[in-house]
Amino acid sequence: MARYNFREAEQTWQARWDEAQCFVAREEPGRPKSYVLEMFPYPSGRIHMGHVKNYAIGDLFARWRRAQGKNVLHPMGWDAFGLPAENAAHENNVHPAIWTRQNIASMRDQLKSIGLAIDWTREIATCEPDYYRHEQWMFLKFLEAGLAYRKESWVNWDPVENTVLANEQVVDGMGWRSGAPVERRRLSQWFLKITEFADDLLHGLTTLDRWPDKVRTMQDNWVGKSSGLRMRWKIVDSDAGVEVYTTRPDTLFGASFAALSPEHPLIADLATRDPKIAAFVAECRKSGTSEAAIEAQEKIGVDTGLRVQHPFQDRTIPVYAANFVLIEYGTGAIFGCPAHDARDFEFARKYNLPILPVVKAADGTNVAEDGSVFVGEESFNGPGTIVNSDFLNGLDVEAAKLEAIRRIEALGLGKGTTVYRLRDWGVSRQRYWGCPIPVIHCDKCGVVPVPENQLPVVLPEDVTFDKPGNPLDHHPTWKHVACPTCAGKAVRETDTFDTFFESSWYFARFCSPHVSDKPFDRDAAMYWLPVDNYIGGIEHAVLHLLYARFFTRAMKKVGLIGIDEPFAGLFTQGMITHETYKSPAGQWLSPSEVQRDEAGNWTLTADGSPVTPGRVEKMSKSKRNTVDPQEILERYGADSARLFILSDTPPERDMEWTESGVEGAWRYASRLWRLAEDVAELGMDGAIDDDARGEDIMRAAHRAVAQVDEQFESFRINSAVATIRTLSNFLEEQVKKGGFGQSGWPCIASATAILTQLVAPIMPHLAESMWERLGRPGLVVDAAWPKVDPAMLVASSVTVAVQVNGKLKGTVDLPRDVANDDAQAAAVAVPAVAQALEGKQLRKVIVVPNRIVNLVVG
Ligand code: ANZ
Ligand code: ZN
């Protein structure tokens with residue numbers, strides 16, 4: 001019997017699918033579609049296990065939906081702009097374009113070797129002008145529609161690299177690559193008006209019932225809608241005032257200071273006269289601008305000497321500049337109530353400011369034996385009753401908020417408002433390897449959009465990386481152009497778009513990737529979108545997914561598309577982990593350097609020295625616990641890798657990669673192959689026909705299909721694998737028993753064919769080989785998914801006696817092993833039983849499964 005040769009089989013079937021153009025998608029209006037999409041990869045050079053998992057899950061859906069008769073779109077492309085290419089240029093002196101294109105070529109080969117059901121004719125790379133020209137055009141449309149604008153904003157500036165850094169690129173106040181202290185700078189940047197859709201983005205979340213709750217919650221928090229009060233505190237001895245925003249107007253009587261952001265105009269003004277304030281502002285500038293960075297810092301401030309008047313009381317409070325007040329949120333100024341806010345508490349302790357409790361905790365946290373309210377070792381921010389607050393006393397927190405707002409509004413000092421945490425999206429990057437922003441700066445005319453007929457603005461490839469900063473700035477010619485309006489000397493914008501720009505609409509481009517006169521064909525997009533199954537990592541729960549949702553709305557506003565939500569279903573997969581290993585000297589060792597001896601001890605393969613196995617952690621280069629998919633594909637084949645990744649744990653959870661696991665998958669693949677061979681060679685061996693046996697076999701197959709359908713649908717892929725194993729075990733036993741007659745023999749053959757179809761979305765190559773071996777016509781990939789015959793799901797029936805108070809009243813035919821409740825329901829419906837029960841109270845029901853239902857009445 002021939003051993004299953006996965007190397008040969010995988011190549012053969014991939015070529016066959018290619019030839020038959022199995023996965024080339026065409027719009028067919030009226031035919032139900034399914035758009036399956038995995039988040040497209042960054043072309044880093046080689047695929048990693050996370051990719052394999054991502055695409056194994058997506059591929060399962062693409063193949064399964066296709067077999068179910070859906071018109072499937074399952075495309076692939078490359079998120080090809082970005083910093084790593086530029087870093088490679090600086091480090092290895094290779095041009096980003098060359099580096100990127102080489103990486104794409106090798107990763108494409110790798111992905112193809114996994115045997116994915118992808119329509120490669122739709123492949124796109126975002127770094128090519130035929131892709132990014134459309135986003136330049138859309139940007140101009142957004143400008144016209146008021147969805148893009150330019151403004152000065154605070155950015156993280158790396159003085160060594162001469163570039164703006166994203167918040168994530170500031171580590172402990174230092175540039176992640178230069179290690180130089182980051183500065184804050186004001187720069188003119190382009191913004192997209194995501195805030196215009198803040199409410200709509202929130203509302204949309206409620207319609208996304210096929211998204212994980214945690215992702216919806218994260219987006220909800222990111223948009224961060226809050227309601228509160230915007231109010232003015234009058235500055236003593238001045239006509240000026242300070243506008244603050246608070247979500248806790250109920251704590252107004254507990255105010256003990258006001259604080260302004262170091263970037264607040266009033267502070268900037270004071271800094272020109274007061275060196276102490278100027279020094280403080282300069283100090284704050286040294287740290288990043290992100291909320292996370294600011295949250296982590298020690299809360300510090302400086303007393304400005306100003307005081308503001310309390311709105312309801314005859315007292316004033318000092319005004320500080322404080323590092324924890326963000327310029328971009330609310331009004332950039334707050335009043336502090338240390339008793340009920342953790343940051344204010346820390347600040348008050350440090351600067352000896354009064355801590356005035358005004359909320360009596362509902363849970364008693366801050367209530368003494370005698371009922372008085374005290375200040376503990378931390379602030380209290382839960383619910384309770386207001387105290388020490390004049391007209392608010394006795395109200396609960398929520399009622400007090402409303403009352404305080406009413407009073408402030410009556411005094412003309414402020415207004416209840418809604419505030420969002422969401423900021424407009426700054427899309428300018430001072431980088432080379434990105435899409436050029438299509439505008440021109442003219443001294444006379446200002447900012448002039450590049451006229452449509454001059455698009456695309458092609459990123460020049462003849463640049464050098466010998467100086468830090470953006471090579472577009474030092475390019476000798478590219479930058480200099482005639483102003484489109486006055487024809488005078490002008491310069492191009494050298495900033496490029498944030499690479500999230502490209503990933504915000506690529507799903508729409510896939511619908512018609514070859515149209516050149518517009519970003520995509522509207523009809524094609526309306527046919528395919530929204531994406532039915534979008535699969536990717538949880539790390540994109542906020543930014544990418546939010547930007548894409550915004551972009552879809554923006555595209556709708558400029559008439560490109562007619563939907564709001566791009567992704568109807570979202571699945572976030574867990575990571576792949578691996579055990580870690582350390583040498584006696586404490587160095588991380590890679591799994592390929594170590595081995596386990598018979599006694600179970602780990603040693604270094606090279607010299608046998610002892611190795612300490614460590615915790616199971618996310619595969620990472622730093623811990624060296626990665627396993628290269630390439631090696632696995634070569635040793636075990638794509639199918640075994642796919643099976644192991646899908647079978648071990650629910651796909652949303654982290655899964656631990658082990659050598660024994662993939663070996664087990666490989667053994668199972670070989671067993672399936674043997675089963676196909678055995679069944680193929682099985683003949684009628686003259687046994688007497690046993691119809692019941694044939695029927696049992698078909699029932700088992702149908703039951704498995706019904707279960708797998710449900711398990712795939714709910715992403716319980718590991719359970720589906722278990723179902724498949726149960727069926728194959730059963731079929732193996734049957735084959736071993738042998739003795740098939742004229743009716744039994746076709747049954748085992750077709751049940752094995754059904755098994756093969758269930759296997760196909762997971763191990764597509766093996767399934768083709770089995771299908772062929774079983775003598776089935778055509779390719780399994782083209783075979784219609786088995787239809788479950790409901791009659792086959794009903795387990796064979798049994799006749800059950802129905803008794804009332806122990807006396808036989810009738811019988812009822814029930815499915816074997818039916819639930820007790822169902823047995824009872826069927827029993828009481830028997831006419832003679834119903835009669836006997838009339839007017840009586842049912843006290844108790846005793847069910848002897850598959851035999852008796854005894855109804856006890858009184
Ligand atoms: C007084 C107060 C008393 C506050 C109290 C809280 C508790 P959320 O709910 O997260 O939106 N705040 C307002 N603007 C700020 C800014 N630009 N930078 C830093 N903090 C700012 O937070 C709203 C609260 O955060 C506001 O309510 C304000 O402090 C502070 F017991 O006002 B609160
Ligand atoms: Zn001009």
# chains A, B, ... in the order shown; residues from 1 in each chain; ligands from 1

$ residues_around --residues "Phe142 of chain A" --least-positions-apart "4" --cutoff "9 Å" --atoms "only C-alpha atoms" --output "VMD selection string"
chain A and resid 137 to 138 146 to 149 192 554 to 555 557 to 558

$ write_last_selection --atoms "N, CA and C atoms" --output "PDB file, in the first residue's frame"
ATOM      1  N   TRP A 137      -6.441  60.474  -5.118  1.00  0.00           N
ATOM      2  CA  TRP A 137      -7.674  61.027  -5.680  1.00  0.00           C
ATOM      3  C   TRP A 137      -8.765  61.142  -4.603  1.00  0.00           C
ATOM      4  N   MET A 138      -8.860  60.077  -3.794  1.00  0.00           N
ATOM      5  CA  MET A 138      -9.873  60.123  -2.725  1.00  0.00           C
ATOM      6  C   MET A 138      -9.570  61.236  -1.735  1.00  0.00           C
ATOM      7  N   GLY A 146     -14.705  68.560   2.767  1.00  0.00           N
ATOM      8  CA  GLY A 146     -14.444  69.038   4.131  1.00  0.00           C
ATOM      9  C   GLY A 146     -14.066  67.928   5.094  1.00  0.00           C
ATOM     10  N   LEU A 147     -13.698  66.771   4.554  1.00  0.00           N
ATOM     11  CA  LEU A 147     -13.336  65.652   5.420  1.00  0.00           C
ATOM     12  C   LEU A 147     -11.822  65.592   5.670  1.00  0.00           C
ATOM     13  N   ALA A 148     -11.070  66.418   4.943  1.00  0.00           N
ATOM     14  CA  ALA A 148      -9.626  66.499   5.183  1.00  0.00           C
ATOM     15  C   ALA A 148      -9.284  67.962   5.386  1.00  0.00           C
ATOM     16  N   TYR A 149      -8.406  68.241   6.319  1.00  0.00           N
ATOM     17  CA  TYR A 149      -8.014  69.623   6.558  1.00  0.00           C
ATOM     18  C   TYR A 149      -6.627  69.640   7.177  1.00  0.00           C
ATOM     19  N   LEU A 192      -7.783  63.829   8.912  1.00  0.00           N
ATOM     20  CA  LEU A 192      -9.070  63.373   8.387  1.00  0.00           C
ATOM     21  C   LEU A 192     -10.088  63.475   9.515  1.00  0.00           C
ATOM     22  N   ALA A 554     -16.675  57.832   4.913  1.00  0.00           N
ATOM     23  CA  ALA A 554     -16.180  58.964   4.122  1.00  0.00           C
ATOM     24  C   ALA A 554     -16.366  58.679   2.631  1.00  0.00           C
ATOM     25  N   MET A 555     -16.094  57.439   2.211  1.00  0.00           N
ATOM     26  CA  MET A 555     -16.271  57.080   0.798  1.00  0.00           C
ATOM     27  C   MET A 555     -17.745  57.174   0.414  1.00  0.00           C
ATOM     28  N   LYS A 557     -19.829  59.265   1.766  1.00  0.00           N
ATOM     29  CA  LYS A 557     -20.168  60.690   1.700  1.00  0.00           C
ATOM     30  C   LYS A 557     -19.762  61.306   0.363  1.00  0.00           C
ATOM     31  N   VAL A 558     -18.656  60.824  -0.221  1.00  0.00           N
ATOM     32  CA  VAL A 558     -18.262  61.378  -1.525  1.00  0.00           C
ATOM     33  C   VAL A 558     -18.807  60.534  -2.685  1.00  0.00           C
TER      34      VAL A 558
END

$ residues_near_ligand --ligand "ligand 1" --cutoff "9 Å" --atoms "only C-alpha atoms and all ligand atoms" --output "VMD selection string"
chain A and resid 224 to 229 244 to 252 254 to 255 259 to 261 291 323 to 344 358 to 359 379 to 381 419 to 421

$ residues_near_ligand --ligand "ligand 2" --cutoff "7 Å" --atoms "only C-alpha atoms and all ligand atoms" --output "PyMOL selection string"
chain A and resi 442-446+483-488+490

$ atom_distance --atom1 "atom CA of Val818 of chain A" --atom2 "atom CA of Gly694 of chain A"
22.3 Å

$ residues_around --residues "Trp157 of chain A" --least-positions-apart "5" --cutoff "7 Å" --atoms "only C-alpha atoms" --output "NGL selection string"
:A and (163-165 or 182-185)

$ write_last_selection --atoms "N, CA and C atoms" --output "PDB file, in the first residue's frame"
ATOM      1  N   THR A 163      12.341  63.331  12.643  1.00  0.00           N
ATOM      2  CA  THR A 163      11.040  62.870  12.186  1.00  0.00           C
ATOM      3  C   THR A 163      10.035  62.862  13.316  1.00  0.00           C
ATOM      4  N   VAL A 164       8.785  62.872  12.899  1.00  0.00           N
ATOM      5  CA  VAL A 164       7.701  62.722  13.848  1.00  0.00           C
ATOM      6  C   VAL A 164       7.611  61.260  14.238  1.00  0.00           C
ATOM      7  N   LEU A 165       7.333  61.008  15.501  1.00  0.00           N
ATOM      8  CA  LEU A 165       7.162  59.623  15.937  1.00  0.00           C
ATOM      9  C   LEU A 165       5.710  59.406  16.348  1.00  0.00           C
ATOM     10  N   VAL A 182      12.691  62.585  23.325  1.00  0.00           N
ATOM     11  CA  VAL A 182      11.717  63.081  22.358  1.00  0.00           C
ATOM     12  C   VAL A 182      11.244  64.467  22.776  1.00  0.00           C
ATOM     13  N   GLU A 183      10.993  65.304  21.807  1.00  0.00           N
ATOM     14  CA  GLU A 183      10.470  66.642  22.092  1.00  0.00           C
ATOM     15  C   GLU A 183       9.048  66.756  21.564  1.00  0.00           C
ATOM     16  N   ARG A 184       8.331  67.722  22.127  1.00  0.00           N
ATOM     17  CA  ARG A 184       7.035  68.029  21.525  1.00  0.00           C
ATOM     18  C   ARG A 184       7.209  69.226  20.625  1.00  0.00           C
ATOM     19  N   ARG A 185       6.628  69.120  19.449  1.00  0.00           N
ATOM     20  CA  ARG A 185       6.718  70.232  18.514  1.00  0.00           C
ATOM     21  C   ARG A 185       5.364  70.501  17.918  1.00  0.00           C
TER      22      ARG A 185
END

$ closest_residue --among "A:Val857, A:Pro212, A:Asp523, A:Asp473" --to "Lys807 of chain A" --atoms "only C-alpha atoms"
A:Val857

$ select_by_dssp --residues "segment 136-220 of chain A" --states "strand (DSSP E)" --output "count of residues only"
28

$ residues_around --residues "Trp17 of chain A" --least-positions-apart "4" --cutoff "9 Å" --atoms "only C-alpha atoms" --output "list in words"
Thr12, Trp13, Gln21, Cys22, Phe23, Ala117, Leu779 and Val781 of chain A

$ write_last_selection --atoms "N, CA, C and O atoms" --output "PDB file, in the first residue's frame"
ATOM      1  N   THR A  12       0.860  18.675  -6.863  1.00  0.00           N
ATOM      2  CA  THR A  12      -0.083  18.275  -7.917  1.00  0.00           C
ATOM      3  C   THR A  12      -1.395  19.034  -7.788  1.00  0.00           C
ATOM      4  O   THR A  12      -1.890  19.615  -8.751  1.00  0.00           O
ATOM      5  N   TRP A  13      -1.971  19.025  -6.588  1.00  0.00           N
ATOM      6  CA  TRP A  13      -3.301  19.607  -6.448  1.00  0.00           C
ATOM      7  C   TRP A  13      -3.265  21.122  -6.595  1.00  0.00           C
ATOM      8  O   TRP A  13      -4.176  21.713  -7.170  1.00  0.00           O
ATOM      9  N   GLN A  21      -8.607  27.206 -12.494  1.00  0.00           N
ATOM     10  CA  GLN A  21      -8.998  28.538 -12.006  1.00  0.00           C
ATOM     11  C   GLN A  21     -10.115  28.457 -10.977  1.00  0.00           C
ATOM     12  O   GLN A  21     -11.070  29.233 -11.013  1.00  0.00           O
ATOM     13  N   CYS A  22      -9.977  27.480 -10.101  1.00  0.00           N
ATOM     14  CA  CYS A  22     -11.039  27.220  -9.126  1.00  0.00           C
ATOM     15  C   CYS A  22     -11.410  28.445  -8.295  1.00  0.00           C
ATOM     16  O   CYS A  22     -12.553  28.625  -7.914  1.00  0.00           O
ATOM     17  N   PHE A  23     -10.421  29.269  -7.969  1.00  0.00           N
ATOM     18  CA  PHE A  23     -10.677  30.305  -6.964  1.00  0.00           C
ATOM     19  C   PHE A  23     -10.775  31.704  -7.561  1.00  0.00           C
ATOM     20  O   PHE A  23     -10.798  32.686  -6.840  1.00  0.00           O
ATOM     21  N   ALA A 117      -7.019  28.796  -0.925  1.00  0.00           N
ATOM     22  CA  ALA A 117      -8.015  28.974  -1.994  1.00  0.00           C
ATOM     23  C   ALA A 117      -8.163  30.457  -2.312  1.00  0.00           C
ATOM     24  O   ALA A 117      -9.193  31.073  -2.077  1.00  0.00           O
ATOM     25  N   LEU A 779     -12.931  17.122  -8.887  1.00  0.00           N
ATOM     26  CA  LEU A 779     -12.165  17.525  -7.718  1.00  0.00           C
ATOM     27  C   LEU A 779     -13.099  17.655  -6.526  1.00  0.00           C
ATOM     28  O   LEU A 779     -14.243  18.093  -6.675  1.00  0.00           O
ATOM     29  N   VAL A 781     -12.843  19.845  -4.363  1.00  0.00           N
ATOM     30  CA  VAL A 781     -13.086  21.274  -4.170  1.00  0.00           C
ATOM     31  C   VAL A 781     -14.319  21.730  -4.949  1.00  0.00           C
ATOM     32  O   VAL A 781     -14.972  22.703  -4.585  1.00  0.00           O
TER      33      VAL A 781
END

$ closest_residue --among "A:Arg349, A:Lys234, A:Arg7, A:Lys360" --to "Gly382 of chain A" --atoms "only C-alpha atoms"
A:Lys360

$ residues_around --residues "Ile118 of chain A" --least-positions-apart "4" --cutoff "9 Å" --atoms "only C-alpha atoms" --output "ChimeraX atom specification"
/A:22-24,59,62,73-76,112,122

$ closest_residue --among "A:Glu659, A:Glu565, A:Asp237, A:Asp654" --to "Arg635 of chain A" --atoms "only C-alpha atoms"
A:Glu659
